[in-house]
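Have a look at final_15.cif below; it lists mmCIF, C-alpha atoms and all ligand atoms.
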data_target
#
loop_
_atom_site.label_atom_id
_atom_site.label_comp_id
_atom_site.auth_asym_id
_atom_site.auth_seq_id
_atom_site.Cartn_x
_atom_site.Cartn_y
_atom_site.Cartn_z
CA MET A 1 0.00 0.00 0.00
CA THR A 2 1.40 3.41 -0.89
CA THR A 3 1.31 5.99 1.86
CA ILE A 4 -0.41 9.27 1.18
CA PRO A 5 1.89 12.24 1.90
CA GLU A 6 0.95 14.80 4.51
CA TYR A 7 -0.33 18.25 3.53
CA ASP A 8 2.78 20.40 3.87
CA ILE A 9 2.74 24.03 2.75
CA ALA A 10 5.89 25.17 4.55
CA ARG A 11 7.98 27.41 2.32
CA GLN A 12 11.77 27.36 2.42
CA ALA A 13 13.36 30.18 4.40
CA THR A 14 15.88 30.67 1.59
CA CYS A 15 13.15 31.01 -1.12
CA PRO A 16 10.22 32.64 0.67
CA LEU A 17 8.56 33.72 -2.59
CA ASP A 18 8.47 30.20 -4.02
CA PRO A 19 5.70 27.74 -3.18
CA ALA A 20 6.34 24.93 -0.70
CA PRO A 21 8.86 22.38 -2.01
CA ALA A 22 6.63 19.50 -0.79
CA MET A 23 3.76 20.79 -2.93
CA ARG A 24 6.04 21.20 -5.94
CA ALA A 25 7.10 17.58 -5.50
CA ARG A 26 3.46 16.51 -5.66
CA GLN A 27 3.07 18.28 -9.01
CA GLU A 28 5.84 16.13 -10.40
CA GLU A 29 3.85 13.02 -9.40
CA GLY A 30 0.87 14.15 -11.45
CA PRO A 31 -1.80 16.84 -11.68
CA LEU A 32 -4.22 15.05 -9.35
CA THR A 33 -3.01 13.09 -6.31
CA ARG A 34 -4.15 12.47 -2.75
CA VAL A 35 -2.98 14.32 0.34
CA ARG A 36 -3.39 13.52 4.04
CA LEU A 37 -4.74 16.31 6.23
CA TRP A 38 -4.25 16.76 10.00
CA ASP A 39 -7.62 15.03 10.67
CA GLY A 40 -6.68 11.90 8.70
CA SER A 41 -8.90 12.78 5.75
CA THR A 42 -7.37 12.27 2.29
CA PRO A 43 -8.86 14.74 -0.19
CA TRP A 44 -7.67 15.15 -3.77
CA LEU A 45 -4.82 17.58 -4.33
CA VAL A 46 -4.99 19.46 -7.62
CA THR A 47 -1.62 20.81 -8.80
CA GLY A 48 -2.10 20.83 -12.59
CA HIS A 49 -3.18 23.99 -14.36
CA ALA A 50 -5.62 22.31 -16.78
CA GLU A 51 -7.19 20.29 -13.96
CA HIS A 52 -7.48 23.42 -11.84
CA ARG A 53 -9.52 25.16 -14.52
CA ALA A 54 -11.57 22.09 -15.33
CA LEU A 55 -12.60 21.54 -11.70
CA MET A 56 -13.11 25.16 -10.71
CA GLY A 57 -15.29 25.62 -13.77
CA ASP A 58 -17.33 22.49 -13.07
CA PRO A 59 -20.85 22.98 -11.65
CA ARG A 60 -20.54 19.55 -9.99
CA VAL A 61 -18.22 21.00 -7.32
CA SER A 62 -19.39 22.94 -4.29
CA VAL A 63 -17.71 25.51 -2.06
CA GLU A 64 -20.23 25.29 0.80
CA PRO A 65 -18.77 24.30 4.20
CA MET A 66 -21.82 22.25 5.19
CA ARG A 67 -21.39 20.00 2.15
CA GLY A 68 -18.03 18.90 3.49
CA ILE A 69 -15.19 20.90 1.96
CA PRO A 70 -11.80 19.86 3.41
CA ARG A 71 -10.74 21.52 6.65
CA LEU A 72 -7.09 22.54 6.54
CA SER A 73 -6.55 23.08 10.28
CA PRO A 74 -8.26 22.26 13.59
CA ALA A 75 -9.19 25.95 13.99
CA GLU A 76 -10.81 25.99 10.58
CA ALA A 77 -12.70 22.75 11.27
CA ALA A 78 -14.12 24.19 14.48
CA SER A 79 -15.14 27.37 12.64
CA MET A 80 -16.92 25.42 9.93
CA GLU A 81 -18.67 23.23 12.48
CA SER A 82 -20.00 26.24 14.36
CA MET A 83 -21.10 27.82 11.07
CA THR A 84 -22.93 24.62 10.08
CA LYS A 85 -24.61 24.43 13.50
CA GLU A 86 -25.82 28.00 13.28
CA GLY A 87 -26.94 27.49 9.68
CA SER A 88 -24.60 30.36 8.74
CA ARG A 89 -23.06 30.35 5.30
CA GLY A 90 -19.88 32.24 6.13
CA ILE A 91 -18.87 35.56 4.75
CA GLY A 92 -21.04 36.49 1.82
CA PHE A 93 -21.27 34.73 -1.52
CA ILE A 94 -17.65 33.48 -1.65
CA MET A 95 -18.86 30.43 0.30
CA MET A 96 -22.14 29.90 -1.56
CA ASP A 97 -23.02 27.86 -4.62
CA ASP A 98 -25.26 29.06 -7.41
CA PRO A 99 -28.05 30.10 -7.65
CA ASP A 100 -27.65 32.07 -4.35
CA HIS A 101 -24.08 33.00 -5.23
CA ALA A 102 -25.06 34.32 -8.68
CA ARG A 103 -28.05 36.24 -7.31
CA LEU A 104 -25.89 38.14 -4.83
CA ARG A 105 -22.76 38.56 -6.97
CA ARG A 106 -24.80 40.02 -9.83
CA MET A 107 -25.86 42.89 -7.57
CA VAL A 108 -22.31 44.23 -7.29
CA THR A 109 -20.54 43.27 -10.54
CA SER A 110 -21.26 46.60 -12.23
CA ALA A 111 -19.05 48.40 -9.66
CA PHE A 112 -16.03 46.37 -10.80
CA THR A 113 -16.19 46.66 -14.59
CA ILE A 114 -13.03 47.84 -16.35
CA LYS A 115 -14.75 51.11 -17.27
CA ARG A 116 -15.78 51.87 -13.68
CA VAL A 117 -12.37 50.91 -12.39
CA GLU A 118 -10.54 53.05 -14.97
CA ALA A 119 -12.60 56.03 -13.77
CA MET A 120 -11.03 55.42 -10.33
CA ARG A 121 -7.44 55.49 -11.67
CA PRO A 122 -6.80 59.26 -11.25
CA ALA A 123 -8.03 59.22 -7.63
CA THR A 124 -5.95 56.10 -6.95
CA GLN A 125 -2.90 57.84 -8.44
CA GLY A 126 -3.60 60.83 -6.17
CA ILE A 127 -3.73 58.56 -3.11
CA ALA A 128 -0.48 56.82 -4.13
CA ASP A 129 1.31 60.16 -4.64
CA GLU A 130 0.16 61.53 -1.32
CA LEU A 131 1.32 58.42 0.52
CA ILE A 132 4.73 58.61 -1.15
CA ASP A 133 5.02 62.34 -0.28
CA LYS A 134 4.40 61.44 3.36
CA LEU A 135 6.80 58.51 3.24
CA LEU A 136 9.60 60.62 1.75
CA ALA A 137 9.04 63.36 4.31
CA GLY A 138 9.34 60.86 7.19
CA PRO A 139 12.28 59.03 8.76
CA LYS A 140 14.10 56.15 7.13
CA PRO A 141 14.12 53.22 7.19
CA ALA A 142 10.36 52.93 6.96
CA ASP A 143 7.88 50.05 6.78
CA LEU A 144 6.40 49.79 3.28
CA VAL A 145 3.34 47.90 4.56
CA GLU A 146 2.31 50.57 7.04
CA ALA A 147 3.25 53.55 4.88
CA PHE A 148 1.96 52.43 1.50
CA ALA A 149 0.90 48.82 0.83
CA LEU A 150 -1.88 48.76 3.44
CA PRO A 151 -3.31 52.32 3.26
CA LEU A 152 -3.48 52.45 -0.56
CA PRO A 153 -5.99 49.60 -1.12
CA SER A 154 -7.76 50.35 2.18
CA LEU A 155 -8.43 53.93 1.06
CA VAL A 156 -9.56 52.82 -2.40
CA ILE A 157 -11.99 50.17 -1.15
CA SER A 158 -13.28 52.47 1.62
CA ASN A 159 -14.10 55.17 -0.96
CA LEU A 160 -15.75 52.66 -3.29
CA LEU A 161 -17.92 51.12 -0.57
CA GLY A 162 -18.59 54.35 1.32
CA VAL A 163 -16.84 53.18 4.51
CA PRO A 164 -15.16 55.97 6.57
CA TYR A 165 -11.39 55.45 6.28
CA ASP A 166 -11.01 56.82 9.82
CA ASP A 167 -12.25 53.41 10.98
CA HIS A 168 -9.34 51.64 9.26
CA ASP A 169 -7.65 50.35 12.42
CA PHE A 170 -10.89 48.60 13.32
CA PHE A 171 -11.60 46.96 9.97
CA GLN A 172 -7.98 46.07 9.24
CA ALA A 173 -7.52 44.39 12.62
CA ASN A 174 -10.71 42.33 12.25
CA SER A 175 -9.84 41.35 8.67
CA ARG A 176 -6.48 40.07 9.89
CA ILE A 177 -8.22 37.80 12.41
CA ILE A 178 -10.54 36.36 9.74
CA ILE A 179 -7.70 35.62 7.35
CA ASN A 180 -5.41 34.02 9.95
CA ARG A 181 -5.37 30.22 9.75
CA ASN A 182 -4.79 29.90 13.49
CA SER A 183 -7.62 32.13 14.71
CA THR A 184 -9.94 30.17 16.98
CA PRO A 185 -13.60 29.82 15.93
CA GLU A 186 -14.51 32.24 18.71
CA GLN A 187 -12.00 34.81 17.50
CA ARG A 188 -13.03 34.44 13.87
CA GLY A 189 -16.77 34.43 14.69
CA GLN A 190 -16.41 37.52 16.86
CA ALA A 191 -14.38 39.35 14.22
CA GLN A 192 -17.02 38.54 11.60
CA GLN A 193 -19.79 39.66 13.92
CA ARG A 194 -18.00 42.90 14.76
CA LEU A 195 -17.56 43.67 11.07
CA ALA A 196 -21.13 42.66 10.19
CA GLY A 197 -22.47 44.85 13.03
CA TYR A 198 -20.32 47.74 11.83
CA LEU A 199 -21.50 47.31 8.21
CA ASP A 200 -25.09 47.05 9.39
CA GLY A 201 -24.69 50.39 11.19
CA LEU A 202 -23.32 51.97 8.02
CA LEU A 203 -26.23 50.57 6.00
CA GLY A 204 -28.59 52.22 8.48
CA GLU A 205 -26.82 55.56 7.94
CA LYS A 206 -27.00 55.17 4.14
CA LEU A 207 -30.70 54.39 4.44
CA ALA A 208 -31.20 57.83 5.97
CA ASN A 209 -28.55 59.62 3.87
CA PRO A 210 -27.78 57.75 0.65
CA GLY A 211 -24.54 58.61 -1.15
CA ASP A 212 -22.92 57.69 -4.43
CA ASP A 213 -21.24 54.54 -3.15
CA LEU A 214 -21.60 50.78 -3.30
CA LEU A 215 -23.21 50.38 0.12
CA SER A 216 -25.86 52.97 -0.79
CA GLY A 217 -26.52 50.88 -3.91
CA LEU A 218 -27.07 47.82 -1.71
CA VAL A 219 -29.42 49.81 0.53
CA GLU A 220 -31.60 50.50 -2.54
CA ARG A 221 -31.82 46.72 -3.10
CA VAL A 222 -32.78 46.21 0.54
CA LYS A 223 -35.50 48.85 0.22
CA VAL A 224 -37.14 47.08 -2.74
CA GLY A 225 -36.86 43.68 -1.06
CA GLU A 226 -34.28 42.15 -3.42
CA LEU A 227 -31.79 41.71 -0.60
CA SER A 228 -32.09 41.25 3.15
CA ARG A 229 -30.17 43.63 5.40
CA PRO A 230 -27.98 40.85 6.92
CA GLU A 231 -27.12 39.70 3.38
CA ALA A 232 -26.15 43.26 2.45
CA ALA A 233 -23.98 43.55 5.59
CA GLN A 234 -22.24 40.22 4.81
CA MET A 235 -21.53 41.36 1.27
CA GLY A 236 -20.05 44.56 2.65
CA VAL A 237 -17.81 42.55 5.00
CA LEU A 238 -16.65 40.33 2.13
CA MET A 239 -15.76 43.23 -0.16
CA LEU A 240 -14.13 45.24 2.61
CA PHE A 241 -11.79 42.49 3.76
CA ALA A 242 -11.18 40.83 0.37
CA GLY A 243 -10.60 44.28 -1.10
CA HIS A 244 -7.60 45.32 0.96
CA GLU A 245 -5.78 42.34 2.54
CA THR A 246 -5.05 40.72 -0.81
CA THR A 247 -3.84 43.81 -2.68
CA THR A 248 -1.72 44.87 0.31
CA ASN A 249 0.16 41.59 0.18
CA MET A 250 0.60 41.79 -3.59
CA ILE A 251 2.07 45.31 -3.32
CA THR A 252 4.43 44.18 -0.54
CA LEU A 253 5.64 40.93 -2.09
CA GLY A 254 5.70 42.40 -5.61
CA THR A 255 8.02 45.16 -4.41
CA LEU A 256 10.26 42.59 -2.74
CA ALA A 257 10.31 40.40 -5.88
CA LEU A 258 11.24 43.41 -8.05
CA LEU A 259 14.01 44.46 -5.66
CA GLN A 260 15.37 40.93 -5.90
CA HIS A 261 15.36 41.19 -9.72
CA PRO A 262 16.94 44.58 -10.46
CA GLU A 263 17.01 44.11 -14.25
CA GLN A 264 13.25 43.40 -14.24
CA LEU A 265 12.66 46.34 -11.92
CA ALA A 266 14.53 48.66 -14.31
CA LEU A 267 12.51 47.34 -17.26
CA LEU A 268 9.24 48.21 -15.53
CA ARG A 269 10.39 51.56 -14.15
CA GLU A 270 11.63 52.76 -17.51
CA SER A 271 8.77 51.51 -19.64
CA ASP A 272 6.30 53.90 -21.25
CA ASP A 273 4.32 51.02 -22.68
CA PRO A 274 1.05 50.40 -20.81
CA LYS A 275 1.01 46.88 -22.28
CA LEU A 276 4.30 46.04 -20.60
CA VAL A 277 3.06 47.49 -17.30
CA ALA A 278 -0.09 45.37 -17.57
CA SER A 279 1.86 42.23 -18.44
CA ALA A 280 4.29 42.89 -15.57
CA VAL A 281 1.39 42.92 -13.13
CA GLU A 282 0.03 39.64 -14.57
CA GLU A 283 3.44 38.03 -14.22
CA LEU A 284 3.80 39.22 -10.62
CA LEU A 285 0.32 37.85 -9.87
CA ARG A 286 1.36 34.48 -11.35
CA TYR A 287 4.78 34.35 -9.75
CA LEU A 288 3.59 35.33 -6.27
CA THR A 289 0.07 33.79 -6.20
CA ILE A 290 -0.71 34.99 -2.71
CA THR A 291 -3.61 32.65 -1.85
CA HIS A 292 -1.73 30.22 0.32
CA GLY A 293 -2.24 26.50 0.67
CA GLY A 294 -5.21 25.89 -1.58
CA LEU A 295 -8.82 26.73 -2.33
CA ARG A 296 -11.26 24.09 -1.16
CA ARG A 297 -14.14 22.36 -2.86
CA VAL A 298 -16.18 19.15 -2.55
CA ALA A 299 -17.51 16.98 -5.39
CA LEU A 300 -21.31 16.76 -5.55
CA GLU A 301 -21.26 13.99 -8.18
CA ASP A 302 -18.64 11.58 -9.52
CA ILE A 303 -16.23 13.51 -11.74
CA GLU A 304 -13.87 11.81 -14.16
CA ILE A 305 -10.67 13.77 -14.62
CA ALA A 306 -7.00 13.11 -15.43
CA GLY A 307 -7.65 9.36 -15.60
CA GLN A 308 -9.18 9.26 -12.10
CA VAL A 309 -12.66 9.48 -10.62
CA ILE A 310 -13.35 11.98 -7.87
CA LYS A 311 -16.31 10.42 -6.08
CA ALA A 312 -19.33 12.38 -4.91
CA GLY A 313 -18.62 13.68 -1.39
CA GLU A 314 -14.84 13.65 -1.75
CA GLY A 315 -12.92 16.79 -0.87
CA ILE A 316 -10.69 18.71 -3.26
CA VAL A 317 -7.78 21.07 -2.43
CA VAL A 318 -6.87 23.20 -5.44
CA VAL A 319 -3.44 24.73 -5.03
CA ASN A 320 -3.28 27.68 -7.39
CA GLU A 321 0.26 28.70 -6.43
CA ILE A 322 1.40 25.36 -7.85
CA ALA A 323 -0.86 25.48 -10.93
CA ASN A 324 0.79 28.84 -11.68
CA ARG A 325 4.19 27.11 -11.75
CA ASP A 326 2.99 24.38 -14.14
CA PRO A 327 5.82 24.12 -16.70
CA SER A 328 3.47 22.86 -19.41
CA VAL A 329 1.76 26.28 -19.43
CA PHE A 330 4.50 28.61 -18.17
CA PRO A 331 7.92 27.53 -19.49
CA ASP A 332 10.70 27.94 -16.93
CA PRO A 333 8.01 28.77 -14.34
CA ASP A 334 10.35 29.74 -11.50
CA ARG A 335 11.77 32.63 -13.50
CA LEU A 336 10.20 36.06 -13.00
CA ASP A 337 9.86 37.40 -16.55
CA LEU A 338 7.77 40.56 -16.79
CA GLN A 339 7.61 40.21 -20.57
CA ARG A 340 6.12 36.73 -20.67
CA ASN A 341 2.48 36.14 -21.47
CA ALA A 342 1.10 35.19 -18.04
CA ARG A 343 -2.56 35.89 -18.84
CA LEU A 344 -3.58 32.28 -18.24
CA HIS A 345 -2.58 32.40 -14.57
CA VAL A 346 -5.09 31.37 -11.93
CA ALA A 347 -4.03 33.81 -9.20
CA PHE A 348 -7.62 35.13 -9.17
CA GLY A 349 -9.06 31.61 -9.17
CA TYR A 350 -11.24 30.31 -11.98
CA GLY A 351 -14.91 29.59 -12.61
CA ILE A 352 -17.90 31.18 -10.96
CA HIS A 353 -15.94 32.39 -7.92
CA GLN A 354 -13.15 33.97 -9.95
CA CYS A 355 -12.18 37.19 -8.17
CA LEU A 356 -14.83 39.87 -8.42
CA GLY A 357 -12.32 42.61 -7.69
CA GLN A 358 -9.71 41.65 -10.29
CA PRO A 359 -10.03 44.76 -12.53
CA LEU A 360 -9.66 46.90 -9.41
CA ALA A 361 -6.70 44.90 -8.11
CA ARG A 362 -4.94 45.14 -11.50
CA MET A 363 -5.39 48.91 -11.68
CA GLU A 364 -4.22 49.40 -8.07
CA LEU A 365 -1.13 47.26 -8.64
CA GLN A 366 -0.21 49.07 -11.86
CA VAL A 367 -0.44 52.42 -10.08
CA ALA A 368 1.29 51.18 -6.92
CA TYR A 369 4.39 49.60 -8.51
CA LEU A 370 5.00 52.37 -11.04
CA THR A 371 4.54 55.18 -8.52
CA LEU A 372 6.81 53.51 -6.00
CA LEU A 373 9.59 52.75 -8.50
CA ARG A 374 9.49 56.10 -10.28
CA ARG A 375 9.14 58.34 -7.28
CA ILE A 376 11.76 56.45 -5.26
CA PRO A 377 14.42 55.45 -7.80
CA THR A 378 16.87 54.52 -5.03
CA LEU A 379 14.37 52.24 -3.26
CA ALA A 380 16.14 49.40 -1.40
CA LEU A 381 15.47 46.84 1.31
CA ALA A 382 16.55 47.92 4.77
CA ALA A 383 16.83 44.38 6.13
CA GLY A 384 17.97 40.97 4.99
CA VAL A 385 15.28 38.76 3.47
CA GLU A 386 15.76 36.34 6.38
CA GLN A 387 14.60 39.10 8.77
CA ILE A 388 11.31 39.77 6.99
CA PRO A 389 8.29 38.40 8.91
CA PHE A 390 6.33 36.48 6.27
CA LYS A 391 2.68 35.54 6.76
CA HIS A 392 3.06 31.76 6.97
CA ASP A 393 -0.07 31.60 9.12
CA GLY A 394 -2.55 33.18 6.71
CA PHE A 395 -4.86 31.98 3.95
CA VAL A 396 -3.22 34.80 2.07
CA TYR A 397 0.57 34.93 1.92
CA GLY A 398 2.39 38.20 2.43
CA ALA A 399 4.67 39.99 4.87
CA TYR A 400 3.72 41.74 8.10
CA GLU A 401 6.44 44.32 7.51
CA LEU A 402 8.84 45.27 4.73
CA PRO A 403 11.64 47.56 5.95
CA ILE A 404 12.72 49.88 3.13
CA THR A 405 15.11 52.75 2.65
CA TRP A 406 16.09 55.08 -0.22
C1 LIG B 501 -4.31 41.04 -6.00
C2 LIG B 501 -5.38 41.02 -5.28
C3 LIG B 501 -6.35 39.89 -5.23
C4 LIG B 501 -6.18 38.54 -5.34
C5 LIG B 501 -4.87 37.78 -5.62
C6 LIG B 501 -7.48 37.91 -5.19
C7 LIG B 501 -7.72 36.56 -5.27
C8 LIG B 501 -8.97 35.97 -5.25
C9 LIG B 501 -9.24 34.56 -5.45
C10 LIG B 501 -8.18 33.48 -5.70
C11 LIG B 501 -10.58 34.38 -5.36
C12 LIG B 501 -11.35 33.06 -5.55
C13 LIG B 501 -11.65 32.34 -4.27
C14 LIG B 501 -12.29 30.98 -4.51
O1 LIG B 501 -12.50 30.54 -5.64
O2 LIG B 501 -12.60 30.29 -3.50
C15 LIG B 501 -11.17 35.67 -5.09
C16 LIG B 501 -12.52 35.92 -4.92
C17 LIG B 501 -13.05 37.15 -4.58
N1 LIG B 501 -12.37 38.36 -4.50
FE1 LIG B 501 -10.41 38.66 -4.84
N2 LIG B 501 -8.41 38.90 -4.97
C18 LIG B 501 -7.77 40.12 -5.01
C19 LIG B 501 -8.33 41.38 -4.87
C20 LIG B 501 -9.67 41.62 -4.63
C21 LIG B 501 -10.27 42.94 -4.51
C22 LIG B 501 -9.53 44.27 -4.67
C23 LIG B 501 -11.59 42.75 -4.25
C24 LIG B 501 -12.56 43.88 -4.07
C25 LIG B 501 -13.75 43.82 -3.64
C26 LIG B 501 -11.83 41.30 -4.22
C27 LIG B 501 -13.03 40.68 -3.97
C28 LIG B 501 -13.28 39.33 -4.14
C29 LIG B 501 -14.59 38.73 -3.97
C30 LIG B 501 -15.88 39.46 -3.58
C31 LIG B 501 -14.45 37.36 -4.24
C32 LIG B 501 -15.55 36.30 -4.22
C33 LIG B 501 -16.06 36.08 -5.61
C34 LIG B 501 -17.14 35.02 -5.71
O3 LIG B 501 -17.27 34.17 -4.82
O4 LIG B 501 -17.89 35.06 -6.69
N3 LIG B 501 -10.65 40.65 -4.45
N4 LIG B 501 -10.17 36.64 -5.04
#
As a first step, turn the structure in this file into C-alpha cells.
Ligand code: HEM
Amino acid sequence: MTTIPEYDIARQATCPLDPAPAMRARQEEGPLTRVRLWDGSTPWLVTGHAEHRALMGDPRVSVEPMRGIPRLSPAEAASMESMTKEGSRGIGFIMMDDPDHARLRRMVTSAFTIKRVEAMRPATQGIADELIDKLLAGPKPADLVEAFALPLPSLVISNLLGVPYDDHDFFQANSRIIINRNSTPEQRGQAQQRLAGYLDGLLGEKLANPGDDLLSGLVERVKVGELSRPEAAQMGVLMLFAGHETTTNMITLGTLALLQHPEQLALLRESDDPKLVASAVEELLRYLTITHGGLRRVALEDIEIAGQVIKAGEGIVVVNEIANRDPSVFPDPDRLDLQRNARLHVAFGYGIHQCLGQPLARMELQVAYLTLLRRIPTLALAAGVEQIPFKHDGFVYGAYELPITW
C-alpha cells in the first residue's frame, strides 16, 4: 500500500517567494493526487493547471462548508462546524453555490467593470502620490506595509464602498483575524460579527442619507426587497476584507520580488508602454500567487478527470500557487519574466468564484508599482530577506512588515 503524503505548505526560508517544495514535488507526481490532512482525511490535491480550470469551472463541485469541503486546520474545522450548527453560510457569496451565489454577486458586478475601475485610476494615483510624499518626508528606514501597501488599497476600497477610512484600524484588525489560519472559531466568529455589526450600522446611515457609493446601492436593493439587510452587511464585509488584505500583500511581495530582480525592476520603471506594465502585473500575480495552501471544494457527483474518478462527497484542495508554476503552461516557471504572457494564470481563481475585484486589483497594482519605483528610484530593502516576517499563518501569503530605505 502506498502511503499518502501529509499536507505540507511550509515554504523554504531561503526562497520565501516560491511555493512549498513539498507541494512542488506533488506536481511532479501528477496533476491530481491524494494528500493527508491533519484530521486523517485524504482529499484530492490538484496541482495541474488544466485540472485546476476544469474543476473550478465544473458545476458539480461545491464551495459550501456544510457539504463537506476539506478543513485545513483544527481551527478551521471548528469554525466550519460552528457555522454549520448555526446554519450560517460564512462571509457572503464566496462560500455559496449558485443560484444564491449568482443572485448576490450580480448585484455588485457593475461596480467592478473595467470602465468603472478606470474612472477610479486618477483618484488612486492621487492617493499613491500623497502616501509617497508622506513617506519621503518621514524618517528612514520605513515600513512599506504601514506607509503604502496597506493604506493604498484600504483607502480605495473604503471610498468605493462608502466606509469611513477613519475606521481603518478597526476593519484592518478584524480582517487580519478572519484571514489568519490559526484564529480560533470564537476569535473568527467575533471578528465577523463585529464587522457585520459595523457594516449594518453603516447601511442604516445610508438608508437615511444615501450617497454615491456601493453600500448605498445595496441599501436600494434592501428597500425594494431584493436583498435582506444581513445579506447586504455580509456582502459589505466580504468586499471590505477581500478588497484590501489581498492587494496589500501583492504590493508588498511584488516590491520585494522586483528588488530581488533589479534588471526586471529597471525594465518596468523605464517603460512607457502600458502593455508592458499590464503584463508585468500579470506576471507578478502568477509568480507570487498569494492565496496560500489551496482553495477548497467538494464533489457533488462523480467527476472523471486526469484518468481518475473523484467520487461524490470527496474533498478537493486546489493549489493555485502550484498550478501557476505548471511548466506545461509557463515555461521555466520559477523565472520572473515581466515580458512573458502570463494571462492564463489562476491567481484570481477560476470559474464562478473567480475574483470579483480583479479589474480593481490590476489597476491598483499598476499604479502602486510604477509610482513607487518612479518616485523612489533609489528604493532598497533595509533588512535581509531572512529578517522579513512572512505571513506563513494566513490563507493569504504576504509579509507583516517590509523595511525599506532610499
Ligand atoms: C491582488 C489582489 C487579489 C487577489 C490575488 C485575489 C484573489 C482571489 C481569489 C483566488 C478568489 C477566488 C476564491 C475561490 O475561488 O474560493 C477571489 C474571490 C473574490 N475576490 Fe479577490 N483577490 C484580489 C483582490 C480583490 C479585490 C480588490 C476585491 C474587491 C472587492 C476582491 C473581492 C473578491 C470577492 C468578492 C471574491 C468572491 C467572488 C465570488 O465568490 O464570486 N478581491 N479573489
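Note that the spacing between atom C23 of ligand LIG 501 (chain B) and atom CA of Thr247 of chain A amounts to 8.0 Å.
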Item to check | Within 7 Å of ligand LIG 501 (chain B), counting only C-alpha atoms and all ligand atoms, residues as a PyMOL selection string | outcome: chain A and resi 93-95+101+105+157+238-240+242-244+246-247+250+285+289-291+295-296+347-350+352-358+360-362
Please save C-alpha atoms of the selected residues as an mmCIF file, in the coordinates of the input.
data_model
loop_
_atom_site.group_PDB
_atom_site.id
_atom_site.type_symbol
_atom_site.label_atom_id
_atom_site.label_comp_id
_atom_site.auth_asym_id
_atom_site.auth_seq_id
_atom_site.Cartn_x
_atom_site.Cartn_y
_atom_site.Cartn_z
ATOM 1 C CA PHE A 93 -21.270 34.730 -1.520
ATOM 2 C CA ILE A 94 -17.650 33.480 -1.650
ATOM 3 C CA MET A 95 -18.860 30.430 0.300
ATOM 4 C CA HIS A 101 -24.080 33.000 -5.230
ATOM 5 C CA ARG A 105 -22.760 38.560 -6.970
ATOM 6 C CA ILE A 157 -11.990 50.170 -1.150
ATOM 7 C CA LEU A 238 -16.650 40.330 2.130
ATOM 8 C CA MET A 239 -15.760 43.230 -0.160
ATOM 9 C CA LEU A 240 -14.130 45.240 2.610
ATOM 10 C CA ALA A 242 -11.180 40.830 0.370
ATOM 11 C CA GLY A 243 -10.600 44.280 -1.100
ATOM 12 C CA HIS A 244 -7.600 45.320 0.960
ATOM 13 C CA THR A 246 -5.050 40.720 -0.810
ATOM 14 C CA THR A 247 -3.840 43.810 -2.680
ATOM 15 C CA MET A 250 0.600 41.790 -3.590
ATOM 16 C CA LEU A 285 0.320 37.850 -9.870
ATOM 17 C CA THR A 289 0.070 33.790 -6.200
ATOM 18 C CA ILE A 290 -0.710 34.990 -2.710
ATOM 19 C CA THR A 291 -3.610 32.650 -1.850
ATOM 20 C CA LEU A 295 -8.820 26.730 -2.330
ATOM 21 C CA ARG A 296 -11.260 24.090 -1.160
ATOM 22 C CA ALA A 347 -4.030 33.810 -9.200
ATOM 23 C CA PHE A 348 -7.620 35.130 -9.170
ATOM 24 C CA GLY A 349 -9.060 31.610 -9.170
ATOM 25 C CA TYR A 350 -11.240 30.310 -11.980
ATOM 26 C CA ILE A 352 -17.900 31.180 -10.960
ATOM 27 C CA HIS A 353 -15.940 32.390 -7.920
ATOM 28 C CA GLN A 354 -13.150 33.970 -9.950
ATOM 29 C CA CYS A 355 -12.180 37.190 -8.170
ATOM 30 C CA LEU A 356 -14.830 39.870 -8.420
ATOM 31 C CA GLY A 357 -12.320 42.610 -7.690
ATOM 32 C CA GLN A 358 -9.710 41.650 -10.290
ATOM 33 C CA LEU A 360 -9.660 46.900 -9.410
ATOM 34 C CA ALA A 361 -6.700 44.900 -8.110
ATOM 35 C CA ARG A 362 -4.940 45.140 -11.500
#
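For the choices A:Asp39, A:Asp8, A:Glu81, A:Glu301, the atom-to-atom distance to Gly189 of chain A is smallest for A:Glu81 when using all atoms listed in the file.
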Contact check, segment 32-138 of chain A to segment 326-334 of chain A, at most 10 Å, counting all atoms listed in the file, closest pairs as a tab-separated table:
residue	atom	partner	partner_atom	distance
A:Thr47	CA	A:Asp326	CA	7.9
A:Gly48	CA	A:Asp326	CA	6.4
A:His49	CA	A:Asp326	CA	6.2
A:Ala50	CA	A:Val329	CA	8.8
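Among the candidates A:Ile322, A:Met23, A:Leu144, A:Val396, the one nearest to Phe241 of chain A when counting all atoms listed in the file is A:Val396.
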Next on the checklist: What's the separation between atom CA of Ala25 of chain A and atom CA of Gly40 of chain A, in Å to one decimal place?
Outcome noted: 20.6 Å
Next on the checklist: Under the rule that only C-alpha atoms are counted, which of A:Pro70, A:Pro5, A:Gly204, A:Pro403 is the nearest residue to Val222 of chain A?
Outcome noted: A:Gly204
